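A.B. asks: Got a file for you: entry28.cif, mmCIF, C-alpha atoms and all ligand atoms.
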```cif
data_data
loop_
_atom_site.label_atom_id
_atom_site.label_comp_id
_atom_site.auth_asym_id
_atom_site.auth_seq_id
_atom_site.Cartn_x
_atom_site.Cartn_y
_atom_site.Cartn_z
CA MET A 1 3.82 13.31 -7.28
CA PRO A 2 6.57 12.83 -4.67
CA ALA A 3 7.44 15.85 -2.48
CA PRO A 4 10.52 17.72 -3.75
CA SER A 5 13.72 16.85 -1.89
CA PRO A 6 15.26 19.64 0.19
CA PRO A 7 18.37 21.16 -1.36
CA ALA A 8 21.67 19.59 -0.37
CA ARG A 9 23.81 21.36 2.22
CA PRO A 10 26.71 23.22 0.51
CA GLU A 11 29.87 21.09 0.35
CA SER A 12 31.93 23.87 1.93
CA ALA A 13 29.75 23.78 5.02
CA ARG A 14 30.01 20.03 5.57
CA THR A 15 32.27 19.14 8.48
CA PRO A 16 31.81 16.25 10.90
CA ALA A 17 29.43 17.09 13.76
CA ALA A 18 31.52 17.32 16.93
CA THR A 19 28.71 17.18 19.51
CA PRO A 20 25.06 16.12 19.67
CA LEU A 21 24.14 19.81 19.42
CA ALA A 22 26.28 20.21 16.31
CA ALA A 23 24.65 17.05 14.89
CA LEU A 24 21.19 18.58 15.41
CA ALA A 25 22.33 21.78 13.72
CA ASP A 26 23.96 19.82 10.91
CA ARG A 27 20.56 18.74 9.62
CA CYS A 28 20.02 22.30 8.37
CA VAL A 29 20.63 22.50 4.61
CA GLN A 30 20.59 26.31 4.71
CA CYS A 31 17.74 26.54 2.20
CA GLY A 32 16.19 29.55 3.91
CA LEU A 33 12.60 28.32 3.48
CA CYS A 34 11.98 29.00 7.18
CA LEU A 35 13.00 32.66 7.01
CA PRO A 36 9.64 34.16 5.95
CA HIS A 37 7.97 32.25 8.81
CA CYS A 38 10.29 33.58 11.53
CA PRO A 39 8.84 36.55 13.47
CA THR A 40 12.26 37.90 14.51
CA TYR A 41 13.57 37.77 10.93
CA ARG A 42 10.42 39.57 9.79
CA LEU A 43 10.97 42.18 12.50
CA ASP A 44 14.68 42.84 11.86
CA ARG A 45 15.35 41.60 8.30
CA ASN A 46 18.70 40.38 9.58
CA GLU A 47 20.12 36.91 8.82
CA ALA A 48 21.51 36.67 12.37
CA GLU A 49 17.91 37.02 13.64
CA SER A 50 16.73 34.10 11.48
CA PRO A 51 16.54 30.36 12.22
CA ARG A 52 19.28 29.69 9.65
CA GLY A 53 21.55 32.32 11.23
CA ARG A 54 20.98 30.98 14.75
CA ILE A 55 21.55 27.39 13.65
CA ALA A 56 24.81 28.39 11.93
CA TYR A 57 25.97 30.16 15.11
CA VAL A 58 25.05 27.20 17.34
CA ARG A 59 26.80 24.75 15.03
CA ALA A 60 29.96 26.87 14.76
CA VAL A 61 30.21 27.27 18.56
CA ALA A 62 29.29 23.65 19.32
CA SER A 63 31.89 22.31 16.88
CA GLY A 64 34.62 24.65 18.14
CA GLN A 65 34.90 26.65 14.91
CA LEU A 66 33.84 29.88 16.59
CA ALA A 67 34.09 31.32 20.08
CA ALA A 68 30.77 32.28 21.63
CA SER A 69 30.26 36.04 21.57
CA ALA A 70 27.94 38.50 23.28
CA ALA A 71 26.51 39.50 19.89
CA GLY A 72 25.83 35.89 18.86
CA ASP A 73 24.30 35.09 22.23
CA ALA A 74 22.03 38.16 21.98
CA HIS A 75 20.59 36.84 18.69
CA LEU A 76 19.96 33.51 20.43
CA ASP A 77 18.31 35.38 23.33
CA HIS A 78 15.92 37.03 20.88
CA CYS A 79 14.59 33.67 19.62
CA LEU A 80 10.97 33.29 20.69
CA GLY A 81 10.94 29.50 20.67
CA CYS A 82 7.74 29.68 18.62
CA ARG A 83 8.98 26.81 16.39
CA ARG A 84 7.34 28.19 13.29
CA CYS A 85 10.65 27.47 11.57
CA GLU A 86 10.38 23.82 12.58
CA SER A 87 6.97 23.37 11.02
CA ALA A 88 8.16 25.07 7.80
CA CYS A 89 11.43 23.14 7.50
CA PRO A 90 11.58 20.53 4.71
CA ALA A 91 14.77 18.98 6.15
CA GLY A 92 13.27 17.98 9.49
CA VAL A 93 15.47 20.21 11.67
CA ARG A 94 14.33 19.71 15.27
CA TYR A 95 14.68 23.37 16.14
CA GLY A 96 12.89 23.22 19.51
CA GLU A 97 15.33 20.57 20.75
CA LEU A 98 18.27 22.49 19.31
CA LEU A 99 17.19 25.71 21.04
CA VAL A 100 16.88 24.05 24.45
CA GLY A 101 20.35 22.48 23.99
CA ALA A 102 21.87 25.77 22.86
CA ARG A 103 20.35 27.68 25.76
CA THR A 104 21.64 25.03 28.19
CA GLU A 105 25.16 25.52 26.81
CA GLN A 106 24.69 29.28 27.01
CA ALA A 107 23.69 29.05 30.68
CA ARG A 108 26.89 27.07 31.39
CA ARG A 109 29.12 29.82 30.02
CA ARG A 110 27.20 32.86 31.28
CA PRO A 111 24.94 33.30 34.33
CA LEU A 112 21.22 33.79 33.79
CA PRO A 113 20.13 37.43 34.24
CA ALA A 114 18.88 38.18 37.77
CA ARG A 115 15.39 38.96 36.45
CA THR A 116 15.17 35.59 34.72
CA ARG A 117 16.38 33.77 37.83
CA ALA A 118 13.81 35.58 39.96
CA ALA A 119 11.00 34.76 37.50
CA LEU A 120 12.02 31.07 37.35
CA ALA A 121 12.15 30.85 41.15
CA LEU A 122 8.64 32.25 41.33
CA LEU A 123 7.25 29.98 38.59
CA ALA A 124 8.65 26.94 40.42
CA ARG A 125 6.56 27.86 43.49
CA PRO A 126 2.94 28.05 42.30
CA ARG A 127 1.54 28.33 45.84
CA LEU A 128 3.71 31.34 46.60
CA LEU A 129 2.87 32.78 43.19
CA GLY A 130 -0.84 32.32 43.88
CA GLY A 131 -0.49 34.10 47.20
CA LEU A 132 1.34 36.97 45.57
CA VAL A 133 -1.24 37.27 42.82
CA ARG A 134 -3.89 37.71 45.48
CA LEU A 135 -1.98 40.76 46.71
CA GLN A 136 -3.13 42.66 43.68
CA ARG A 137 -2.36 46.14 44.83
CA LEU A 138 1.16 45.29 45.90
CA LEU A 139 1.89 43.26 42.74
CA GLY A 140 0.73 46.11 40.59
CA ARG A 141 4.02 47.81 41.40
CA TRP A 142 6.15 44.71 40.69
CA LEU A 143 4.82 43.14 37.54
CA PRO A 144 4.51 44.50 34.00
CA ALA A 145 1.00 45.56 33.03
CA GLY A 146 0.13 42.34 31.22
CA TRP A 147 1.21 40.16 34.15
CA GLN A 148 -0.97 41.90 36.69
CA PRO A 149 -3.90 39.81 37.88
CA VAL A 150 -6.88 39.73 35.56
CA PRO A 151 -10.38 40.08 37.00
CA PRO A 152 -12.02 36.79 37.92
CA PRO A 153 -13.94 35.21 35.04
CA ALA A 154 -17.57 36.14 34.53
CA ALA A 155 -19.33 33.86 36.93
CA PRO A 156 -22.71 33.36 35.22
CA GLY A 157 -23.06 29.78 34.21
CA ILE A 158 -19.62 28.66 35.42
CA GLY A 159 -20.02 26.47 38.45
CA PRO A 160 -20.24 22.83 39.42
CA GLY A 161 -21.46 20.62 36.60
CA PRO A 162 -24.42 18.27 36.64
CA ALA A 163 -24.30 14.94 38.48
CA LEU A 164 -22.13 12.42 36.65
CA PRO A 165 -22.91 8.87 35.66
CA ALA A 166 -21.29 6.49 38.15
CA ALA A 167 -19.00 4.98 35.52
CA ALA A 168 -17.87 8.33 34.11
CA GLU A 169 -14.26 8.71 33.06
CA THR A 170 -12.21 11.01 35.29
CA LEU A 171 -9.52 13.09 33.62
CA ALA A 172 -6.70 14.89 35.44
CA VAL A 173 -6.20 18.59 34.73
CA PHE A 174 -2.82 20.34 34.70
CA THR A 175 -2.88 23.55 36.73
CA GLY A 176 0.59 24.97 35.91
CA CYS A 177 2.38 27.86 37.63
CA ILE A 178 1.14 31.35 36.72
CA ALA A 179 -1.98 29.61 35.37
CA ARG A 180 -2.76 28.18 38.78
CA PRO A 181 -4.18 31.49 40.05
CA HIS A 182 -4.89 33.10 36.67
CA GLU A 183 -6.70 30.18 35.01
CA ALA A 184 -8.81 28.85 37.90
CA GLY A 185 -11.96 30.12 36.15
CA SER A 186 -10.96 28.46 32.86
CA ARG A 187 -10.39 25.14 34.62
CA ALA A 188 -13.86 25.48 36.18
CA ALA A 189 -15.20 26.17 32.68
CA LEU A 190 -13.50 23.01 31.35
CA ALA A 191 -14.91 21.00 34.27
CA ARG A 192 -18.40 22.25 33.52
CA LEU A 193 -18.14 21.54 29.78
CA LEU A 194 -16.81 18.02 30.35
CA ALA A 195 -19.34 17.35 33.10
CA SER A 196 -22.07 18.24 30.61
CA ALA A 197 -20.64 15.43 28.47
CA GLY A 198 -20.55 13.00 31.41
CA ILE A 199 -16.85 13.28 32.19
CA ALA A 200 -15.42 14.22 35.59
CA THR A 201 -12.15 16.06 36.19
CA THR A 202 -9.65 16.15 39.02
CA GLU A 203 -6.66 18.37 39.84
CA PRO A 204 -4.01 16.14 41.45
CA ALA A 205 -2.05 17.71 44.32
CA GLY A 206 1.71 18.23 44.14
CA GLN A 207 1.85 19.30 40.50
CA GLY A 208 3.68 22.46 39.41
CA CYS A 209 5.18 24.38 36.50
CA CYS A 210 5.70 22.37 33.29
CA GLY A 211 9.32 23.56 33.13
CA ALA A 212 9.14 25.15 29.65
CA ALA A 213 10.34 28.54 30.92
CA ALA A 214 13.28 26.92 32.76
CA ALA A 215 14.24 24.76 29.75
CA HIS A 216 14.05 27.68 27.34
CA ALA A 217 16.18 29.79 29.69
CA GLY A 218 18.84 27.05 29.78
CA ASP A 219 18.10 25.91 33.35
CA ALA A 220 18.14 22.19 32.57
CA ALA A 221 18.44 21.13 36.23
CA GLY A 222 15.45 23.29 37.20
CA ALA A 223 13.41 21.85 34.31
CA ARG A 224 14.30 18.28 35.37
CA ALA A 225 13.24 18.97 38.98
CA LEU A 226 9.87 20.31 37.82
CA ALA A 227 9.38 17.33 35.50
CA GLY A 228 10.07 14.97 38.41
CA ALA A 229 7.45 16.64 40.60
CA ASN A 230 4.84 16.35 37.84
CA GLN A 231 5.74 12.70 37.19
CA THR A 232 4.99 11.96 40.85
CA ALA A 233 1.80 14.05 40.91
CA PHE A 234 0.28 12.46 37.79
CA ALA A 235 1.36 8.84 38.32
CA GLY A 236 -1.64 6.54 37.99
CA GLN A 237 -3.83 9.05 36.14
CA ALA A 238 -5.46 7.80 32.93
CA ARG A 239 -4.88 11.05 31.04
CA VAL A 240 -3.88 14.66 31.71
CA LEU A 241 -5.56 17.62 30.05
CA CYS A 242 -3.57 20.79 29.43
CA LEU A 243 -5.27 24.16 28.90
CA ALA A 244 -2.18 26.14 27.82
CA SER A 245 -0.77 25.39 24.37
CA GLY A 246 2.59 26.79 25.51
CA CYS A 247 2.93 24.17 28.28
CA GLN A 248 1.64 21.12 26.44
CA ASP A 249 4.80 19.95 24.64
CA THR A 250 7.09 20.24 27.67
CA LEU A 251 4.53 18.57 29.94
CA ALA A 252 4.01 15.73 27.46
CA ARG A 253 7.79 15.14 27.27
CA SER A 254 8.01 15.16 31.08
CA LEU A 255 5.20 12.65 31.44
CA ALA A 256 6.27 10.33 28.59
CA GLY A 257 5.87 6.80 29.92
CA VAL A 258 3.82 8.02 32.90
CA THR A 259 0.54 9.17 31.38
CA PRO A 260 -0.58 10.70 28.07
CA VAL A 261 -1.12 14.47 27.89
CA GLU A 262 -3.85 15.91 25.70
CA ASP A 263 -4.87 19.42 24.78
CA ALA A 264 -8.14 20.28 26.55
CA LEU A 265 -9.73 21.63 23.34
CA LEU A 266 -8.92 18.44 21.41
CA ALA A 267 -10.40 16.34 24.22
CA LEU A 268 -13.50 18.52 24.34
CA GLU A 269 -14.04 18.29 20.60
CA ARG A 270 -14.19 14.49 20.81
CA VAL A 271 -17.30 14.74 23.02
CA ALA A 272 -18.73 17.90 21.45
CA ASP A 273 -21.75 16.04 20.06
CA ARG A 274 -22.97 15.68 23.65
CA LEU A 275 -22.99 19.48 24.15
CA ALA A 276 -25.51 22.14 23.17
CA PHE A 277 -24.83 25.86 23.05
CA ARG A 278 -27.03 28.93 23.17
CA PRO A 279 -26.56 31.79 20.68
CA ALA A 280 -23.84 34.41 21.08
CA SER A 281 -24.81 38.06 21.01
CA HIS A 282 -21.59 39.95 20.25
CA ARG A 283 -18.59 39.92 17.93
CA VAL A 284 -15.63 37.91 19.21
CA ALA A 285 -12.01 37.94 17.99
CA LEU A 286 -9.85 34.82 17.94
CA HIS A 287 -6.06 34.72 18.41
CA LEU A 288 -4.23 31.49 17.57
CA PRO A 289 -0.95 31.20 19.52
CA CYS A 290 2.15 29.91 17.71
CA THR A 291 2.26 26.85 19.96
CA GLN A 292 -1.37 26.09 19.17
CA ARG A 293 -0.71 26.34 15.41
CA SER A 294 2.72 24.71 15.20
CA VAL A 295 3.04 22.33 18.16
CA VAL A 296 -0.32 21.32 19.67
CA ARG A 297 -2.25 21.81 16.43
CA SER A 298 -5.59 22.29 18.13
CA ASP A 299 -6.52 25.37 16.06
CA GLY A 300 -8.86 23.35 13.82
CA ALA A 301 -10.60 21.77 16.82
CA LEU A 302 -11.09 25.20 18.38
CA ARG A 303 -12.59 26.63 15.18
CA ARG A 304 -14.99 23.69 14.98
CA LEU A 305 -15.99 24.02 18.65
CA LEU A 306 -16.70 27.73 18.26
CA ALA A 307 -18.71 27.04 15.08
CA ARG A 308 -21.15 25.11 17.28
CA VAL A 309 -22.18 28.35 19.03
CA PRO A 310 -25.22 29.55 17.03
CA GLY A 311 -24.87 32.93 15.37
CA LEU A 312 -21.33 33.53 16.61
CA ASP A 313 -19.76 36.50 14.80
CA LEU A 314 -16.13 35.36 14.94
CA VAL A 315 -13.23 37.40 13.54
CA GLU A 316 -9.94 35.52 13.33
CA LEU A 317 -6.99 37.88 13.82
CA PRO A 318 -4.43 37.76 10.99
CA ASP A 319 -1.34 35.63 11.50
CA THR A 320 1.19 38.41 12.08
CA GLY A 321 3.71 36.03 13.66
CA CYS A 322 4.39 35.53 17.35
CA CYS A 323 2.69 38.05 19.65
CA GLY A 324 6.03 38.49 21.46
CA ALA A 325 5.06 36.81 24.73
CA ALA A 326 7.23 33.71 24.27
CA GLY A 327 7.51 32.70 27.93
CA LEU A 328 9.96 34.95 29.72
CA HIS A 329 10.78 36.90 26.53
CA GLN A 330 8.06 39.42 27.39
CA LEU A 331 9.93 40.17 30.64
CA ALA A 332 13.47 39.94 29.29
CA GLU A 333 12.91 41.89 26.05
CA PRO A 334 9.90 44.17 26.67
CA VAL A 335 10.62 46.54 23.77
CA ARG A 336 10.93 43.76 21.19
CA ALA A 337 7.93 41.99 22.75
CA ALA A 338 5.80 45.14 22.38
CA ALA A 339 6.94 45.63 18.75
CA LEU A 340 5.87 42.06 17.91
CA ARG A 341 2.55 42.59 19.67
CA ALA A 342 1.69 45.90 17.96
CA PRO A 343 0.23 44.59 14.65
CA LEU A 344 -2.00 42.13 16.50
CA ILE A 345 -3.34 44.82 18.81
CA GLU A 346 -3.96 47.06 15.81
CA ALA A 347 -5.95 44.29 14.12
CA LEU A 348 -7.86 43.59 17.33
CA GLU A 349 -8.81 47.23 17.85
CA ALA A 350 -9.96 47.49 14.22
CA SER A 351 -12.00 44.27 14.37
CA GLY A 352 -14.94 45.70 16.28
CA ALA A 353 -14.82 42.69 18.62
CA ARG A 354 -15.87 43.10 22.25
CA GLU A 355 -13.59 40.34 23.47
CA LEU A 356 -10.60 38.27 22.38
CA LEU A 357 -10.14 34.53 22.87
CA SER A 358 -6.68 32.97 23.08
CA ALA A 359 -5.74 29.49 24.31
CA ASN A 360 -2.30 30.27 25.75
CA ILE A 361 -1.90 32.00 29.08
CA GLY A 362 1.44 33.63 28.20
CA CYS A 363 -0.11 35.24 25.10
CA ARG A 364 -3.16 36.43 27.05
CA LEU A 365 -1.04 38.04 29.76
CA HIS A 366 1.14 39.79 27.18
CA LEU A 367 -1.72 40.91 24.92
CA ALA A 368 -3.59 42.29 27.94
CA GLY A 369 -0.74 44.75 28.39
CA GLY A 370 -1.60 46.37 25.04
CA THR A 371 -5.38 46.67 25.08
CA THR A 372 -8.37 47.23 27.32
CA ILE A 373 -10.47 44.71 25.36
CA ARG A 374 -11.36 41.70 27.51
CA ILE A 375 -9.22 38.62 26.82
CA ARG A 376 -10.03 35.12 28.01
CA HIS A 377 -9.58 31.44 27.28
CA PRO A 378 -11.96 30.01 24.64
CA LEU A 379 -13.16 27.52 27.30
CA ASP A 380 -14.59 30.42 29.35
CA PHE A 381 -16.59 31.56 26.35
CA LEU A 382 -17.81 28.05 25.48
CA ALA A 383 -18.89 27.28 29.07
CA GLU A 384 -20.71 30.58 29.30
CA HIS A 385 -22.71 29.62 26.19
CA LEU A 386 -23.70 26.13 27.27
CA ALA A 387 -27.44 25.77 26.75
S1 LIG A 401 11.64 29.52 17.07
FE1 LIG A 401 10.48 31.24 16.15
S2 LIG A 401 11.74 33.08 16.59
FE2 LIG A 401 13.07 31.29 16.94
S3 LIG A 401 14.13 30.99 14.99
FE3 LIG A 401 12.29 29.67 14.92
S4 LIG A 401 10.70 30.92 13.93
FE4 LIG A 401 12.36 32.33 14.56
S1 LIG A 402 16.08 25.23 9.39
FE1 LIG A 402 15.18 24.00 7.73
S2 LIG A 402 14.05 25.51 6.47
FE2 LIG A 402 15.47 26.69 7.76
S3 LIG A 402 17.32 26.98 6.51
FE3 LIG A 402 17.64 25.10 7.74
S4 LIG A 402 16.93 23.42 6.45
FE4 LIG A 402 16.10 25.30 5.55
#
```
Now, as a test, write the supplied structure out as structure tokens.

C.D. replies:
Amino acid sequence: MPAPSPPARPESARTPAATPLAALADRCVQCGLCLPHCPTYRLDRNEAESPRGRIAYVRAVASGQLAASAAGDAHLDHCLGCRRCESACPAGVRYGELLVGARTEQARRRPLPARTRAALALLARPRLLGGLVRLQRLLGRWLPAGWQPVPPPAAPGIGPGPALPAAAETLAVFTGCIARPHEAGSRAALARLLASAGIATTEPAGQGCCGAAAAHAGDAAGARALAGANQTAFAGQARVLCLASGCQDTLARSLAGVTPVEDALLALERVADRLAFRPASHRVALHLPCTQRSVVRSDGALRRLLARVPGLDLVELPDTGCCGAAGLHQLAEPVRAAALRAPLIEALEASGARELLSANIGCRLHLAGGTTIRIRHPLDFLAEHLA
């Protein structure tokens, strides 16, 4: 049976699209099917905090029917960029693209908040960020709880992999910005897992932030500069693996025509038959970030990889919507971010799990601010359980 057609857009709302942004917004037929999937609509029960409300505002401003207002811009600010609306939309609205365009227009008419500018400046300088992270005691006074440095990963079993076959494929690994210091252990875990399957990894010099935070804040020039640096750093590489589901889409767009980008978990699953795991001894909770579910779609691969660990007692946390991290949202809107995080933390605490696995660094940093339960990348867990 053919899929039902989306409802037609009301006649009264049809006016010619005046700009590319208005044309993107014009694809919305106002059916409202995305509303139940939107975490901010679920939080506020307010049309203006829904995808449909935001799209209507963007279209009205872009086509000159409405003057931008502080109230309208605040609703746009609250959008998490989780793109759950996009995956639920039957009309094919490219919401992620629309949001970046709308935020770029917003940044032209109103300066970015000082805190956002400071965070973007730091994310664009991963070496400086790494140095600051090492000053743990000093940073403890500057950063929110979840952004403070996490302890280094459990070392047992995570080290250099076995000798590789001479003809082994070498894959480049994306190191990112905040992930550069925070995810060094997870990259070592990935290297060890892939080495066990006969694949070598390399971390090309000169790479930096993917630019997602800059693009979502409306800093298009900053995002372009970061994309350019990564294009240079990864030129000539056969493939790039990305550990953070929140960075993958932006990185892949930046490197289009340069080299393909693949999620590290998807790549690992393709060679999983070459790996053997030893049994797990404790209950583990699993969090699936919005970007992993809706954009990268590596949630199935991760479930299948974890199922290879004998006896693993895995509890998948309920899908309560976005955890509230959403890039810089956790810094810009800490109260809303904590409210979105609360049901997940409640479920985690009730699960009886001794640790939580999550494949996106932004989510891990934010969730860590709400619990004392250990949180790490699934790759850390898998490498630790290599036989
Ligand atoms: S991106 Fe997420 S928060 Fe923003 S409108 Fe879509 S579903 Fe809602
Ligand atoms: S974004 Fe898509 S699902 Fe949401 S109201 Fe518009 S057409 Fe419907």

A.B. asks: To one decimal place, how far is atom CA of A:Ala74 from atom CA of A:Arg94 in Å?

C.D. replies: 21.1 Å

A.B. asks: A:Ala119, A:Ala184, A:Leu306, A:Leu312: which is nearest A:Ile361, counting all atoms listed in the file?

C.D. replies: A:Ala184

A.B. asks: Around ligand LIG 401 (chain A), at most 9 Å away and counting all atoms listed in the file, which residues are there? Put them as JSON, numbers by chain, please.

C.D. replies: {"A": [34, 35, 36, 37, 38, 39, 40, 41, 42, 49, 50, 51, 52, 53, 54, 55, 76, 78, 79, 80, 81, 82, 83, 84, 85, 86, 87, 88, 95, 96, 99, 290, 321, 322, 326]}

A.B. asks: Nearest residue to ligand LIG 402 (chain A) out of A:Ser245, A:Asn230, A:Cys89, A:Asp319, using all atoms listed in the file?

C.D. replies: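 When distances to ligand LIG 402 (chain A) are compared using all atoms listed in the file, the smallest one comes from A:Cys89.
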
A.B. asks: Give me, as JSON lines, the closest atom pair and its distance (Å, one decimal) for every residue of stretch 257-330 of chain A within a cut-off of 12 Å of stretch 199-205 of chain A, counting all atoms listed in the file, rows sorted by chain and rising number.

C.D. replies:
```
{"residue": "A:Ala264", "atom": "CA", "partner": "A:Thr201", "partner_atom": "CA", "distance": 11.3}
{"residue": "A:Ala267", "atom": "CA", "partner": "A:Ile199", "partner_atom": "CA", "distance": 10.7}
{"residue": "A:Leu268", "atom": "CA", "partner": "A:Ile199", "partner_atom": "CA", "distance": 10.0}
{"residue": "A:Arg270", "atom": "CA", "partner": "A:Ile199", "partner_atom": "CA", "distance": 11.7}
{"residue": "A:Val271", "atom": "CA", "partner": "A:Ile199", "partner_atom": "CA", "distance": 9.3}
{"residue": "A:Ala272", "atom": "CA", "partner": "A:Ile199", "partner_atom": "CA", "distance": 11.8}
{"residue": "A:Arg274", "atom": "CA", "partner": "A:Ile199", "partner_atom": "CA", "distance": 10.8}
{"residue": "A:Leu275", "atom": "CA", "partner": "A:Ile199", "partner_atom": "CA", "distance": 11.9}
```

A.B. asks: Pick from A:Gly92, A:Cys247, A:Arg59, A:Asp77: nearest to ligand LIG 402 (chain A), with all atoms listed in the file counted?

C.D. replies: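 Looking only at the distances to ligand LIG 402 (chain A), the closest residue turns out to be A:Gly92.
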
A.B. asks: For atom CA of A:Thr19 and atom CA of A:Ala107, quote the distance in Å rounded to one decimal.

C.D. replies: 17.1 Å

A.B. asks: Within 9 Å of (2.4, 42.3, 12.9), in the coordinates the file gives, what residues turn up when you count all atoms listed in the file, written out as a list in words?

C.D. replies: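 Applying the cut-off with all atoms listed in the file, one gets Pro39, Leu43, Pro318, Asp319, Thr320, Gly321, Cys322, Cys323, Ala339, Leu340, Arg341, Ala342, Pro343, Leu344, Ile345, Glu346 and Ala347 of chain A.
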
A.B. asks: Restricting the output to C-alpha atoms, write the selected residues as a tab-separated table (two decimals), in the coordinates of the input.

C.D. replies:
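Written output follows (again-v2.tsv):
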```tsv
chain	number	residue	atom	x	y	z
A	39	PRO	CA	8.84	36.55	13.47
A	43	LEU	CA	10.97	42.18	12.50
A	318	PRO	CA	-4.43	37.76	10.99
A	319	ASP	CA	-1.34	35.63	11.50
A	320	THR	CA	1.19	38.41	12.08
A	321	GLY	CA	3.71	36.03	13.66
A	322	CYS	CA	4.39	35.53	17.35
A	323	CYS	CA	2.69	38.05	19.65
A	339	ALA	CA	6.94	45.63	18.75
A	340	LEU	CA	5.87	42.06	17.91
A	341	ARG	CA	2.55	42.59	19.67
A	342	ALA	CA	1.69	45.90	17.96
A	343	PRO	CA	0.23	44.59	14.65
A	344	LEU	CA	-2.00	42.13	16.50
A	345	ILE	CA	-3.34	44.82	18.81
A	346	GLU	CA	-3.96	47.06	15.81
A	347	ALA	CA	-5.95	44.29	14.12
```

A.B. asks: For ligand LIG 402 (chain A), I'd like the enclosing box, axis-aligned and padded by 3 Å on every side, reported as lines of an AutoDock Vina configuration file with centre and edge lengths in Å to one decimal.

C.D. replies:
```
center_x = 15.8
center_y = 25.2
center_z = 7.5
size_x = 9.6
size_y = 9.6
size_z = 9.8
```

A.B. asks: Need the shell around A:Ala301: protein/DNA/RNA residues with any atom at most 8 Å away, counting all atoms listed in the file. Skip same-chain ones fewer than 4 positions apart. Format as an MDAnalysis selection string?

C.D. replies: chainID A and resid 265:266 269 305

A.B. asks: Around the point (17.6, 22.2, 34.3), in the coordinates given by the file, pick out the residues reaching within 12 Å, counting all atoms listed in the file, and return them as a list in words.

C.D. replies: Val100, Gly101, Arg103, Thr104, Glu105, Ala107, Arg108, Leu120, Ala124, Cys210, Gly211, Ala212, Ala213, Ala214, Ala215, His216, Ala217, Gly218, Asp219, Ala220, Ala221, Gly222, Ala223, Arg224, Ala225, Leu226, Ala227 and Gly228 of chain A

A.B. asks: Near stretch 363-371 of chain A, within 10 Å and counting all atoms listed in the file, which residues show up once chain neighbours fewer than 6 positions away are dropped, as number ranges by chain?

C.D. replies: A: 144-150, 178, 182, 244-246, 287-290, 322-327, 330-331, 334, 337-338, 341-342, 344-346, 348-349, 356-357, 377

A.B. asks: Can you pull out every residue within 7 Å of A:Arg27, counting all atoms listed in the file, but drop anything in the same chain fewer than 3 positions away, and send it as a list in words?

C.D. replies: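 With the cut-off at 7 Å, the set is Ala23, Leu24, Ala91 and Val93 of chain A.
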
A.B. asks: Would you mind exporting the chosen residues as a short mmCIF file (atom, residue, chain, number, x, y, z; two decimals), keeping the file's coordinate frame, restricted to C-alpha atoms?

C.D. replies:
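Result went into part-v2.cif, see below:
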```
data_model
loop_
_atom_site.label_atom_id
_atom_site.label_comp_id
_atom_site.auth_asym_id
_atom_site.auth_seq_id
_atom_site.Cartn_x
_atom_site.Cartn_y
_atom_site.Cartn_z
CA ALA A 23 24.65 17.05 14.89
CA LEU A 24 21.19 18.58 15.41
CA ALA A 91 14.77 18.98 6.15
CA VAL A 93 15.47 20.21 11.67
#
```

A.B. asks: Between atom CA of A:Ala332 and atom CA of A:Ala179, what distance in Å does the model show, to one decimal?

C.D. replies: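 So the answer is 19.6 Å.
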
A.B. asks: Can you work out which one of A:Ile373, A:Leu98, A:Cys209, A:Ala62 has the shortest atom-to-atom distance to A:Ala350, counting all atoms listed in the file?

C.D. replies: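 Using all atoms listed in the file, A:Ala350 sits closest to A:Ile373.
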
A.B. asks: Of the residues A:Ser186, A:Ser281, A:Asn360, A:Gln292, which is the one nearest to A:Asp380, using all atoms listed in the file?

C.D. replies: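 Closest residue, counting all atoms listed in the file: A:Ser186.
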
A.B. asks: Given only C-alpha atoms and all ligand atoms as the basis, pick out the residue of A:Ala22, A:Ala256, A:Leu33, A:Val335 nearest to ligand LIG 402 (chain A).

C.D. replies: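 Looking at the shortest contact to ligand LIG 402 (chain A), the residue is A:Leu33.
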